[in-house]
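Raw upload36.txt, compact mmCIF, C-alpha atoms and all ligand atoms:
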```txt
# COMPACT_ATOMS: atom_id res chain seq x y z
CA MET A 211 2.46 -25.53 -98.31
CA SER A 212 3.75 -22.98 -100.67
CA GLU A 213 3.56 -20.04 -98.32
CA THR A 214 6.54 -19.51 -96.12
CA PRO A 215 5.71 -18.36 -92.65
CA GLN A 216 6.49 -14.75 -92.14
CA THR A 217 9.39 -14.08 -89.86
CA PRO A 218 8.92 -11.00 -87.73
CA ALA A 219 11.35 -8.25 -88.48
CA LEU A 220 14.16 -7.84 -86.02
CA PRO A 221 14.81 -4.48 -84.43
CA GLY A 222 16.78 -2.43 -86.83
CA GLN A 223 15.25 -4.19 -89.81
CA ALA A 224 11.89 -2.56 -89.62
CA ASP A 225 9.85 -2.68 -92.72
CA LYS A 226 6.88 -0.42 -92.98
CA SER A 227 4.39 -3.05 -91.92
CA GLY A 228 4.43 -1.99 -88.30
CA SER A 229 5.47 -5.45 -87.23
CA GLY A 230 8.74 -4.37 -85.74
CA GLY A 231 10.77 -1.40 -84.78
CA TYR A 232 12.87 0.16 -82.13
CA ILE A 233 13.02 3.08 -79.86
CA THR A 234 16.07 4.71 -78.49
CA THR A 235 16.39 5.47 -74.83
CA LYS A 236 18.90 5.43 -72.07
CA ILE A 237 19.24 2.12 -70.27
CA GLU A 238 18.77 3.92 -66.97
CA GLU A 239 15.46 5.34 -68.05
CA LEU A 240 14.28 2.02 -69.33
CA VAL A 241 15.19 0.37 -66.05
CA ASN A 242 13.54 3.13 -64.05
CA TRP A 243 10.44 2.75 -66.19
CA GLY A 244 10.33 -0.88 -65.18
CA ARG A 245 11.01 -0.14 -61.55
CA ARG A 246 8.35 2.45 -61.14
CA ASN A 247 5.69 0.37 -62.79
CA ALA A 248 6.37 -2.67 -60.69
CA LEU A 249 6.92 -1.49 -57.16
CA TRP A 250 6.77 -4.37 -54.75
CA PRO A 251 5.99 -3.02 -51.31
CA MET A 252 7.20 -4.46 -48.06
CA PRO A 253 4.42 -3.70 -45.60
CA PHE A 254 5.75 -2.88 -42.17
CA GLY A 255 2.34 -2.43 -40.62
CA THR A 256 2.52 -2.29 -36.87
CA ALA A 257 -0.57 -0.36 -35.87
CA CYS A 258 -3.75 1.33 -36.99
CA CYS A 259 -2.16 2.91 -40.08
CA ALA A 260 -1.73 -0.60 -41.44
CA ILE A 261 -5.51 -0.87 -41.68
CA GLU A 262 -5.55 2.09 -44.05
CA MET A 263 -2.73 0.50 -45.99
CA MET A 264 -4.79 -2.65 -46.35
CA ALA A 265 -7.71 -0.58 -47.53
CA THR A 266 -5.48 1.04 -50.11
CA LEU A 267 -4.46 -2.33 -51.43
CA SER A 268 -8.01 -3.59 -51.60
CA SER A 269 -10.13 -3.37 -54.70
CA ARG A 270 -11.81 -0.11 -53.78
CA TYR A 271 -8.65 1.97 -53.91
CA ASP A 272 -6.79 -0.53 -56.04
CA LEU A 273 -3.10 0.14 -55.79
CA ALA A 274 -2.74 -2.46 -58.56
CA ARG A 275 -3.41 0.34 -61.01
CA PHE A 276 0.13 1.51 -60.35
CA GLY A 277 1.70 -1.91 -60.36
CA ALA A 278 2.23 -1.82 -56.64
CA GLU A 279 -0.16 -4.45 -55.44
CA VAL A 280 2.25 -7.33 -55.03
CA ILE A 281 2.76 -7.14 -51.31
CA ARG A 282 5.87 -9.06 -50.46
CA PHE A 283 6.31 -10.43 -47.00
CA SER A 284 9.88 -11.23 -47.79
CA PRO A 285 12.09 -8.16 -47.74
CA ARG A 286 14.40 -9.81 -50.26
CA GLN A 287 11.75 -9.52 -52.94
CA SER A 288 10.60 -6.00 -52.30
CA ASP A 289 11.82 -2.53 -53.06
CA LEU A 290 9.40 -0.22 -51.30
CA MET A 291 9.26 -0.15 -47.53
CA ILE A 292 5.99 1.21 -46.16
CA VAL A 293 6.40 1.90 -42.46
CA SER A 294 2.84 2.23 -41.31
CA GLY A 295 2.41 2.42 -37.59
CA ARG A 296 4.16 2.97 -34.34
CA ILE A 297 7.70 1.65 -34.05
CA SER A 298 8.68 0.80 -30.52
CA ILE A 299 12.19 0.33 -29.24
CA LYS A 300 11.59 -3.40 -29.37
CA MET A 301 10.54 -3.22 -33.02
CA MET A 302 13.25 -0.86 -34.24
CA PRO A 303 16.00 -3.51 -34.49
CA VAL A 304 13.57 -5.61 -36.51
CA LEU A 305 12.83 -2.70 -38.82
CA ILE A 306 16.51 -2.01 -39.35
CA GLU A 307 17.19 -5.68 -40.00
CA ILE A 308 14.39 -5.93 -42.55
CA TYR A 309 15.41 -2.69 -44.21
CA ASN A 310 18.94 -4.00 -44.50
CA GLN A 311 17.68 -7.18 -46.09
CA MET A 312 15.90 -5.38 -48.89
CA PRO A 313 17.99 -5.33 -52.04
CA GLU A 314 19.07 -2.02 -53.51
CA PRO A 315 17.61 0.13 -54.92
CA LYS A 316 14.93 0.68 -52.34
CA TRP A 317 12.56 3.39 -51.31
CA CYS A 318 10.76 4.08 -48.10
CA ILE A 319 7.45 5.67 -47.19
CA SER A 320 6.89 6.80 -43.63
CA MET A 321 3.14 6.59 -43.26
CA GLY A 322 1.31 8.50 -40.58
CA ALA A 323 2.20 10.72 -37.69
CA CYS A 324 3.63 7.91 -35.59
CA ALA A 325 6.13 6.60 -38.07
CA SER A 326 7.17 10.11 -39.06
CA SER A 327 7.45 11.75 -35.66
CA GLY A 328 6.19 9.53 -32.90
CA GLY A 329 2.78 11.17 -33.12
CA VAL A 330 1.02 11.62 -29.83
CA PHE A 331 3.16 8.96 -28.21
CA ASP A 332 5.99 11.00 -26.80
CA THR A 333 7.01 8.23 -24.42
CA TYR A 334 9.96 6.13 -23.41
CA THR A 335 9.09 3.28 -25.72
CA LEU A 336 8.37 4.91 -29.05
CA ILE A 337 10.84 5.88 -31.76
CA GLN A 338 10.29 9.55 -32.48
CA GLY A 339 10.39 9.23 -36.23
CA VAL A 340 11.94 6.34 -38.12
CA ASP A 341 13.84 8.80 -40.31
CA GLN A 342 16.33 9.19 -37.48
CA PHE A 343 17.64 5.75 -38.27
CA ILE A 344 16.60 4.72 -41.76
CA PRO A 345 16.33 6.95 -44.83
CA VAL A 346 12.81 7.98 -45.74
CA ASP A 347 11.72 9.20 -49.17
CA VAL A 348 8.16 10.32 -48.61
CA TYR A 349 6.32 11.21 -45.44
CA ILE A 350 2.54 11.02 -45.19
CA PRO A 351 0.87 13.19 -42.58
CA GLY A 352 -2.34 12.13 -40.93
CA CYS A 353 -3.59 9.91 -38.17
CA PRO A 354 -4.32 7.73 -39.99
CA PRO A 355 -3.74 9.07 -43.50
CA ARG A 356 -6.53 8.35 -45.93
CA PRO A 357 -5.87 5.79 -48.67
CA GLU A 358 -5.72 8.65 -51.14
CA SER A 359 -2.72 9.99 -49.24
CA LEU A 360 -0.94 6.67 -49.56
CA ILE A 361 -1.73 6.60 -53.27
CA ASP A 362 -0.33 10.10 -53.50
CA ALA A 363 2.81 8.95 -51.74
CA VAL A 364 3.19 6.09 -54.18
CA MET A 365 2.80 8.58 -57.03
CA LEU A 366 5.54 10.70 -55.49
CA ILE A 367 7.75 7.64 -55.19
CA ARG A 368 7.12 6.91 -58.87
CA GLU A 369 8.07 10.47 -59.66
CA ARG A 370 11.27 10.10 -57.71
CA ILE A 371 12.12 6.86 -59.45
CA LYS A 372 11.52 8.52 -62.77
CA ARG A 373 14.01 11.21 -61.87
CA GLY A 374 16.41 8.59 -60.59
CA GLU A 375 16.27 9.85 -57.03
CA ARG A 376 16.34 7.92 -53.86
CA GLN A 377 17.29 8.55 -50.33
CA THR A 378 19.65 5.60 -50.06
CA LYS A 379 22.35 5.66 -52.60
CA LEU A 380 24.84 3.56 -50.82
CA TYR A 381 25.26 2.70 -47.27
CA ASP A 382 28.23 1.89 -45.27
CA ARG A 383 28.24 -1.82 -44.69
CA THR A 384 31.04 -1.56 -42.23
CA LYS A 385 28.88 0.65 -40.09
CA HIS A 386 25.78 -1.37 -40.82
CA PRO A 387 26.72 -4.99 -41.11
CA LEU A 388 23.85 -7.16 -42.21
CA ASP A 389 23.98 -9.18 -39.05
CA PHE A 390 22.76 -6.26 -37.04
CA GLN A 391 23.37 -6.57 -33.34
CA PRO A 392 20.96 -4.81 -31.03
CA VAL A 393 22.61 -2.07 -29.12
CA ASN A 394 22.41 -1.55 -25.44
CA LEU A 395 19.23 0.41 -25.04
CA VAL A 396 20.09 2.64 -22.18
CA SER A 397 22.39 5.60 -22.54
CA ASP A 398 25.67 5.70 -20.70
CA ALA A 399 24.19 7.85 -17.99
CA VAL A 400 22.46 4.90 -16.42
CA ALA A 401 24.54 2.00 -17.64
CA GLY A 402 25.23 -0.25 -14.75
CA ALA A 403 22.15 0.81 -12.84
CA PRO A 404 20.70 -2.02 -10.79
CA GLN A 405 18.14 -4.00 -12.68
CA LEU A 406 16.41 -6.69 -10.74
CA THR A 407 17.13 -5.61 -7.22
CA GLY A 408 13.80 -3.94 -6.76
CA THR A 409 15.41 -0.79 -5.50
CA ARG A 410 14.11 2.54 -6.54
CA LEU A 411 15.45 3.49 -9.94
CA SER A 412 16.02 7.16 -10.31
CA LEU A 413 18.09 9.68 -12.10
CA PRO A 414 18.86 12.48 -9.70
CA GLY A 415 18.71 15.27 -12.27
CA LYS A 416 15.57 14.18 -14.07
CA ASP A 417 13.83 13.21 -10.88
CA ALA A 418 14.38 16.61 -9.38
CA ALA A 419 13.05 18.20 -12.55
CA GLN A 420 9.91 16.11 -12.49
CA ASN A 421 9.26 16.70 -8.84
CA GLY A 422 9.57 20.38 -9.44
CA MET B 1282 -26.54 -19.19 -5.99
CA ALA B 1283 -25.48 -15.74 -5.01
CA LEU B 1284 -22.54 -15.49 -2.73
CA ASP B 1285 -23.04 -13.93 0.67
CA PHE B 1286 -20.08 -11.59 0.94
CA LYS B 1287 -20.84 -10.77 4.59
CA GLU B 1288 -20.53 -14.44 5.36
CA LEU B 1289 -17.31 -14.69 3.35
CA GLU B 1290 -15.81 -11.72 5.16
CA LYS B 1291 -16.61 -13.26 8.53
CA LYS B 1292 -15.08 -16.55 7.50
CA LEU B 1293 -11.95 -14.86 6.20
CA ARG B 1294 -11.49 -12.85 9.37
CA GLU B 1295 -11.95 -15.98 11.45
CA THR B 1296 -9.48 -17.99 9.43
CA PHE B 1297 -6.79 -15.42 8.89
CA GLY B 1298 -7.18 -13.06 11.84
CA ALA B 1299 -4.90 -10.06 11.63
CA SER B 1300 -3.76 -10.96 8.12
CA VAL B 1301 -7.02 -9.52 6.85
CA LEU B 1302 -6.42 -5.80 7.01
CA ASP B 1303 -9.76 -4.59 5.81
CA TRP B 1304 -12.85 -5.30 3.78
CA THR B 1305 -14.22 -2.44 1.74
CA GLU B 1306 -16.90 -2.01 -0.81
CA PHE B 1307 -17.07 0.49 -3.61
CA ARG B 1308 -20.21 0.69 -5.74
CA GLY B 1309 -21.11 -2.85 -4.87
CA GLN B 1310 -17.66 -4.18 -5.66
CA PRO B 1311 -16.14 -5.91 -2.67
CA CYS B 1312 -12.46 -5.58 -2.01
CA LEU B 1313 -10.33 -7.51 0.39
CA HIS B 1314 -7.13 -6.03 1.79
CA VAL B 1315 -4.61 -8.51 3.06
CA LYS B 1316 -1.07 -8.54 4.33
CA ARG B 1317 1.37 -9.61 1.68
CA GLU B 1318 2.79 -12.44 3.77
CA SER B 1319 -0.47 -14.34 3.64
CA ILE B 1320 -1.54 -13.67 0.05
CA VAL B 1321 -0.88 -17.24 -1.08
CA LYS B 1322 -2.83 -18.73 1.80
CA VAL B 1323 -5.74 -16.35 1.31
CA LEU B 1324 -5.95 -17.01 -2.42
CA THR B 1325 -5.71 -20.75 -1.87
CA PHE B 1326 -8.56 -20.49 0.59
CA LEU B 1327 -10.63 -18.43 -1.79
CA ARG B 1328 -10.02 -20.83 -4.63
CA ASP B 1329 -10.72 -24.04 -2.73
CA ASP B 1330 -13.27 -23.07 -0.09
CA ALA B 1331 -15.03 -20.08 -1.57
CA LYS B 1332 -15.00 -21.46 -5.13
CA PHE B 1333 -13.29 -18.52 -6.80
CA GLU B 1334 -11.93 -20.79 -9.47
CA MET B 1335 -10.96 -18.27 -12.12
CA PHE B 1336 -8.09 -15.83 -12.09
CA THR B 1337 -9.02 -12.70 -14.02
CA ASP B 1338 -6.18 -10.26 -13.66
CA LEU B 1339 -3.25 -9.10 -11.67
CA THR B 1340 -1.94 -5.59 -11.80
CA CYS B 1341 0.08 -3.17 -9.81
CA VAL B 1342 -0.23 0.45 -8.72
CA ASP B 1343 2.64 2.74 -7.89
CA THR B 1344 1.41 5.25 -5.34
CA LEU B 1345 4.62 7.23 -5.21
CA ARG B 1346 3.24 10.52 -6.48
CA LEU B 1347 -0.30 10.25 -5.21
CA PRO B 1348 -1.25 13.20 -3.02
CA ASP B 1349 -1.50 12.32 0.65
CA GLU B 1350 -5.26 12.35 0.83
CA MET B 1351 -5.46 9.79 -1.97
CA GLN B 1352 -2.88 7.42 -0.55
CA PRO B 1353 -4.33 4.06 0.44
CA LYS B 1354 -4.75 3.47 4.14
CA TYR B 1355 -2.15 0.74 4.37
CA ALA B 1356 0.24 2.60 2.17
CA GLU B 1357 3.33 0.98 0.98
CA ARG B 1358 4.75 2.16 -2.27
CA PHE B 1359 3.16 -0.53 -4.45
CA THR B 1360 -0.29 -2.00 -4.34
CA VAL B 1361 -0.63 -5.35 -6.06
CA VAL B 1362 -4.21 -5.95 -7.11
CA TYR B 1363 -5.68 -9.37 -7.87
CA HIS B 1364 -9.03 -9.92 -9.51
CA ILE B 1365 -10.67 -13.31 -9.20
CA THR B 1366 -14.00 -14.63 -10.37
CA SER B 1367 -16.28 -17.31 -9.11
CA LEU B 1368 -18.14 -18.93 -11.95
CA GLU B 1369 -20.15 -20.98 -9.51
CA HIS B 1370 -21.48 -17.96 -7.60
CA GLY B 1371 -21.28 -15.49 -10.45
CA ALA B 1372 -19.24 -13.21 -8.25
CA ARG B 1373 -16.06 -11.22 -8.51
CA LEU B 1374 -13.64 -10.23 -5.82
CA ARG B 1375 -10.75 -7.81 -5.74
CA ILE B 1376 -7.83 -8.44 -3.43
CA LYS B 1377 -5.25 -5.82 -2.65
CA THR B 1378 -1.93 -6.31 -0.99
CA TYR B 1379 0.72 -3.76 -0.19
CA VAL B 1380 4.34 -4.10 -1.16
CA PRO B 1381 7.10 -1.80 0.06
CA GLU B 1382 9.63 -0.12 -2.14
CA ASP B 1383 12.60 -2.05 -0.85
CA PRO B 1384 12.48 -4.96 -1.10
CA ALA B 1385 9.61 -4.92 -3.58
CA GLU B 1386 8.79 -8.55 -3.06
CA VAL B 1387 5.68 -10.62 -2.73
CA ASP B 1388 5.10 -14.35 -3.01
CA THR B 1389 3.99 -15.61 -6.36
CA VAL B 1390 0.44 -16.85 -6.72
CA SER B 1391 1.19 -18.62 -9.98
CA SER B 1392 1.26 -21.82 -7.96
CA VAL B 1393 -2.34 -21.19 -6.94
CA TYR B 1394 -3.67 -19.83 -10.21
CA LEU B 1395 -1.75 -20.78 -13.34
CA GLY B 1396 -3.21 -17.75 -15.06
CA ALA B 1397 -1.16 -15.49 -12.83
CA ASN B 1398 2.04 -16.54 -14.53
CA TRP B 1399 2.20 -13.96 -17.32
CA ALA B 1400 0.34 -11.33 -15.35
CA GLU B 1401 3.08 -11.47 -12.75
CA ARG B 1402 5.71 -11.23 -15.43
CA GLU B 1403 4.03 -8.10 -16.69
CA ALA B 1404 3.86 -6.54 -13.25
CA PHE B 1405 7.50 -7.42 -12.77
CA ASP B 1406 8.45 -5.95 -16.12
CA MET B 1407 6.60 -2.70 -15.63
CA PHE B 1408 6.98 -2.12 -11.88
CA GLY B 1409 9.92 -4.23 -10.80
CA VAL B 1410 7.91 -6.11 -8.23
CA ASN B 1411 9.73 -9.34 -7.57
CA PHE B 1412 7.37 -12.30 -7.31
CA LYS B 1413 9.23 -14.74 -5.15
CA GLY B 1414 9.04 -18.33 -6.26
CA HIS B 1415 7.90 -17.55 -9.78
CA ARG B 1416 9.34 -20.13 -12.10
CA ASP B 1417 10.17 -17.87 -15.01
CA LEU B 1418 10.24 -14.23 -14.02
CA ARG B 1419 11.43 -12.67 -17.27
CA ARG B 1420 10.43 -9.49 -19.03
CA ILE B 1421 7.36 -9.94 -21.14
CA LEU B 1422 6.72 -6.59 -22.84
CA MET B 1423 9.96 -4.68 -22.88
CA PRO B 1424 12.99 -5.88 -24.85
CA GLU B 1425 15.28 -8.20 -22.99
CA ASN B 1426 18.18 -5.79 -22.90
CA TYR B 1427 16.05 -3.05 -21.42
CA GLU B 1428 16.96 -1.68 -18.05
CA GLY B 1429 14.54 -0.35 -15.52
CA HIS B 1430 10.83 -0.61 -14.92
CA PRO B 1431 9.04 2.04 -16.92
CA LEU B 1432 5.69 2.30 -15.15
CA ARG B 1433 7.32 3.27 -11.90
CA LYS B 1434 6.39 6.84 -11.25
CA ASP B 1435 9.99 7.90 -10.82
CA TYR B 1436 10.83 6.62 -14.29
CA PRO B 1437 10.98 9.56 -16.68
CA LEU B 1438 8.08 9.50 -19.13
CA LYS B 1439 10.29 10.17 -22.10
CA GLY B 1440 12.70 7.49 -21.08
CA ARG B 1441 16.39 7.67 -20.42
CA GLY B 1442 17.64 7.83 -23.95
CA GLU B 1443 16.59 4.35 -25.05
CA ARG B 1444 14.57 5.60 -27.97
CA ASP B 1445 17.43 7.62 -29.44
CA ASN B 1446 20.05 4.97 -29.12
CA PHE B 1447 20.00 3.05 -32.39
CA PRO B 1448 22.62 3.01 -35.11
CA LYS B 1449 21.99 5.61 -37.73
CA TYR B 1450 21.81 4.64 -41.36
CA THR B 1451 24.37 6.83 -43.02
CA GLU B 1452 25.29 7.28 -46.58
CA ILE B 1453 28.79 6.87 -47.83
CA PRO B 1454 29.72 10.34 -49.07
CA GLU B 1455 30.25 10.34 -52.78
CA ALA B 1456 33.86 10.46 -53.77
S1 LIG A 1501 -0.52 7.84 -37.00
FE1 LIG A 1501 -2.49 7.47 -35.97
S2 LIG A 1501 -3.43 5.86 -37.20
FE2 LIG A 1501 -1.25 5.85 -37.68
S3 LIG A 1501 -0.30 4.38 -36.30
FE3 LIG A 1501 -0.18 6.37 -35.33
S4 LIG A 1501 -2.00 6.48 -34.03
FE4 LIG A 1501 -2.35 4.84 -35.51
```

Please lay out the structure from this file as structure tokens.
Amino acid sequence: MSETPQTPALPGQADKSGSGGYITTKIEELVNWGRRNALWPMPFGTACCAIEMMATLSSRYDLARFGAEVIRFSPRQSDLMIVSGRISIKMMPVLIEIYNQMPEPKWCISMGACASSGGVFDTYTLIQGVDQFIPVDVYIPGCPPRPESLIDAVMLIRERIKRGERQTKLYDRTKHPLDFQPVNLVSDAVAGAPQLTGTRLSLPGKDAAQNG
Amino acid sequence: MALDFKELEKKLRETFGASVLDWTEFRGQPCLHVKRESIVKVLTFLRDDAKFEMFTDLTCVDTLRLPDEMQPKYAERFTVVYHITSLEHGARLRIKTYVPEDPAEVDTVSSVYLGANWAEREAFDMFGVNFKGHRDLRRILMPENYEGHPLRKDYPLKGRGERDNFPKYTEIPEA
């Protein structure tokens, strides 16, 4: 037992053996390096686009290559919201609530025509683009977008993280308390209109316009 | 054993008289038109005596903007359509009943067929048809705080501002 075990050199005490050393960087860049290589997505898959998202995560397209395969079904553990699918007025409060629950910093991908603009569903029930209400970093066109498009979006997100950019810097918690209360859905114009009486519901102006 | 629809029609007319408005057939699909007051009795009869033991569907049609020549003969504003199936005879039957605009009311058949429960809730949610006697007539598709019945033809397609009425996520301006 004559040999003493070799203690590895501490940073700053590098010998020339290659066993230790240090690099200099900015803490922000180091943190961003970590963030962009370990994106944990929150899948908000509500429709057909979610199928493409699943394909992207599967072994064929392998999002794990970019460290983004750990799908988190808890918003508190994730930092990348992928809105893939139609968001209806019943789902929007849920989306806002989940988005609020994600810890900062967070990024958001709006995947597909529906999430970005309502797509072909220009109807009473569909949100015409989630970016009206939550901040979106990258939009993906397509119906549905191919998995390559989603990978491209993730690459863009990585690029943004590298540059230290994100759509949400801070948000006003007084305006957006975490215990989000659903708003009254109908605009003031029809507030107080009869609901369960079975009488004909009409808006004089719009009705006249529709009847020509 | 195939069901003799001619026989069934005769029996229905005998039992219910003027409550049976009509019996039509379209491409081999029989359809029974009844007055809304007797819908529960007719369906009970069909279930117990004619062995239509399965409830397939219930839906509603708003005929408000149909051109005149397409309006159903017994036109009221709404047509409530029931589909029932007989597993014993391997037969299907469609029943139509006509509901006016005001009051848009018809007796519930969820006491006859349990399967009608949610179907009636859907018709209520979308068309505002009130199913009298239903135990739990709540919205089923639209959010609870929604107002109006969106599949009514006088409901604007793009809604009345519901979809634009959420709080916006705003940034605090940097100091
Ligand atoms: S964009 Fe197309 S594929 Fe995606 S949710 Fe909408 S309809 Fe479905």

Self-check item: Among the residues A:Gly322, A:Thr335, A:Arg376, A:Glu358, the one that comes closest to Met1423 (chain B) [using all atoms listed in the file]
Solution: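 Between A:Gly322, A:Thr335, A:Arg376, A:Glu358, the residue approaching Met1423 (chain B) most closely is A:Thr335.
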
Practice problem: With a distance cut-off of 7 Å and all atoms listed in the file, select the neighbouring residues of region 1322-1337 of chain B, excluding the residue or stretch itself and same-chain residues fewer than 2 positions from it, and output the selection as an NGL selection string. | Solution: :B and (1319-1320 or 1364-1369 or 1393-1394 or 1396-1397)

Quiz prompt | Within 9 Å of chain A: residues of chain B, using all atoms listed in the file, as a PyMOL selection string | solution = chain B and resi 1346+1382-1386+1408-1411+1422-1431+1433+1435-1455

Practice problem: For each of A:Val330, A:Ile319, A:Ala265, A:Ile361, take the minimum atom-to-atom distance to ligand LIG 1501 (chain A), counting all atoms listed in the file, then give the residue where this is smallest. | Solution: A:Val330

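Contacts with ligand LIG 1501 (chain A) are defined as any residue atom within 8 Å of a ligand atom, using all atoms listed in the file; the residues meeting this criterion are A:Thr256, A:Ala257, A:Cys258, A:Cys259, A:Ala260, A:Ser294, A:Gly295, A:Arg296, A:Met321, A:Gly322, A:Ala323, A:Cys324, A:Ala325, A:Gly328, A:Gly329, A:Val330, A:Pro351, A:Gly352, A:Cys353, A:Pro354, A:Pro355.
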
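Straight-line separation from CA of Leu1345 (chain B) to CA of Phe1412 (chain B): 19.8 Å.
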
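Taking CA of Val346 (chain A) as the reference point, CA of Cys318 (chain A) is found at 5.0 Å.
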
Quiz prompt | Residue among A:Arg282, A:Ile367, A:Pro357, A:Met252 lying closest to Tyr309 (chain A), counting only C-alpha atoms | solution =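 Of the candidates, the smallest distance to Tyr309 (chain A) is held by A:Met252.
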
Quiz item: Quick one: residues within 8 Å of region 1347-1360 of chain B, only C-alpha atoms counted, chain neighbours fewer than 4 positions away excluded, as a VMD selection string?
Solution: chain B and resid 1341 to 1343 1377 to 1382 1385

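Considering the residues B:Val1301, B:Leu1293, B:Val1321, B:Leu1374 and counting all atoms listed in the file, Ser1392 (chain B) has its shortest atom-to-atom contact with B:Val1321.
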
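A straight line drawn from CA of Leu366 (chain A) to CA of Ile261 (chain A) is 21.1 Å long.
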
Self-check item: Among the residues A:Glu375, A:Arg275, A:Asp347, A:Trp243, the one that comes closest to Val293 (chain A) [using all atoms listed in the file]
Solution: A:Asp347
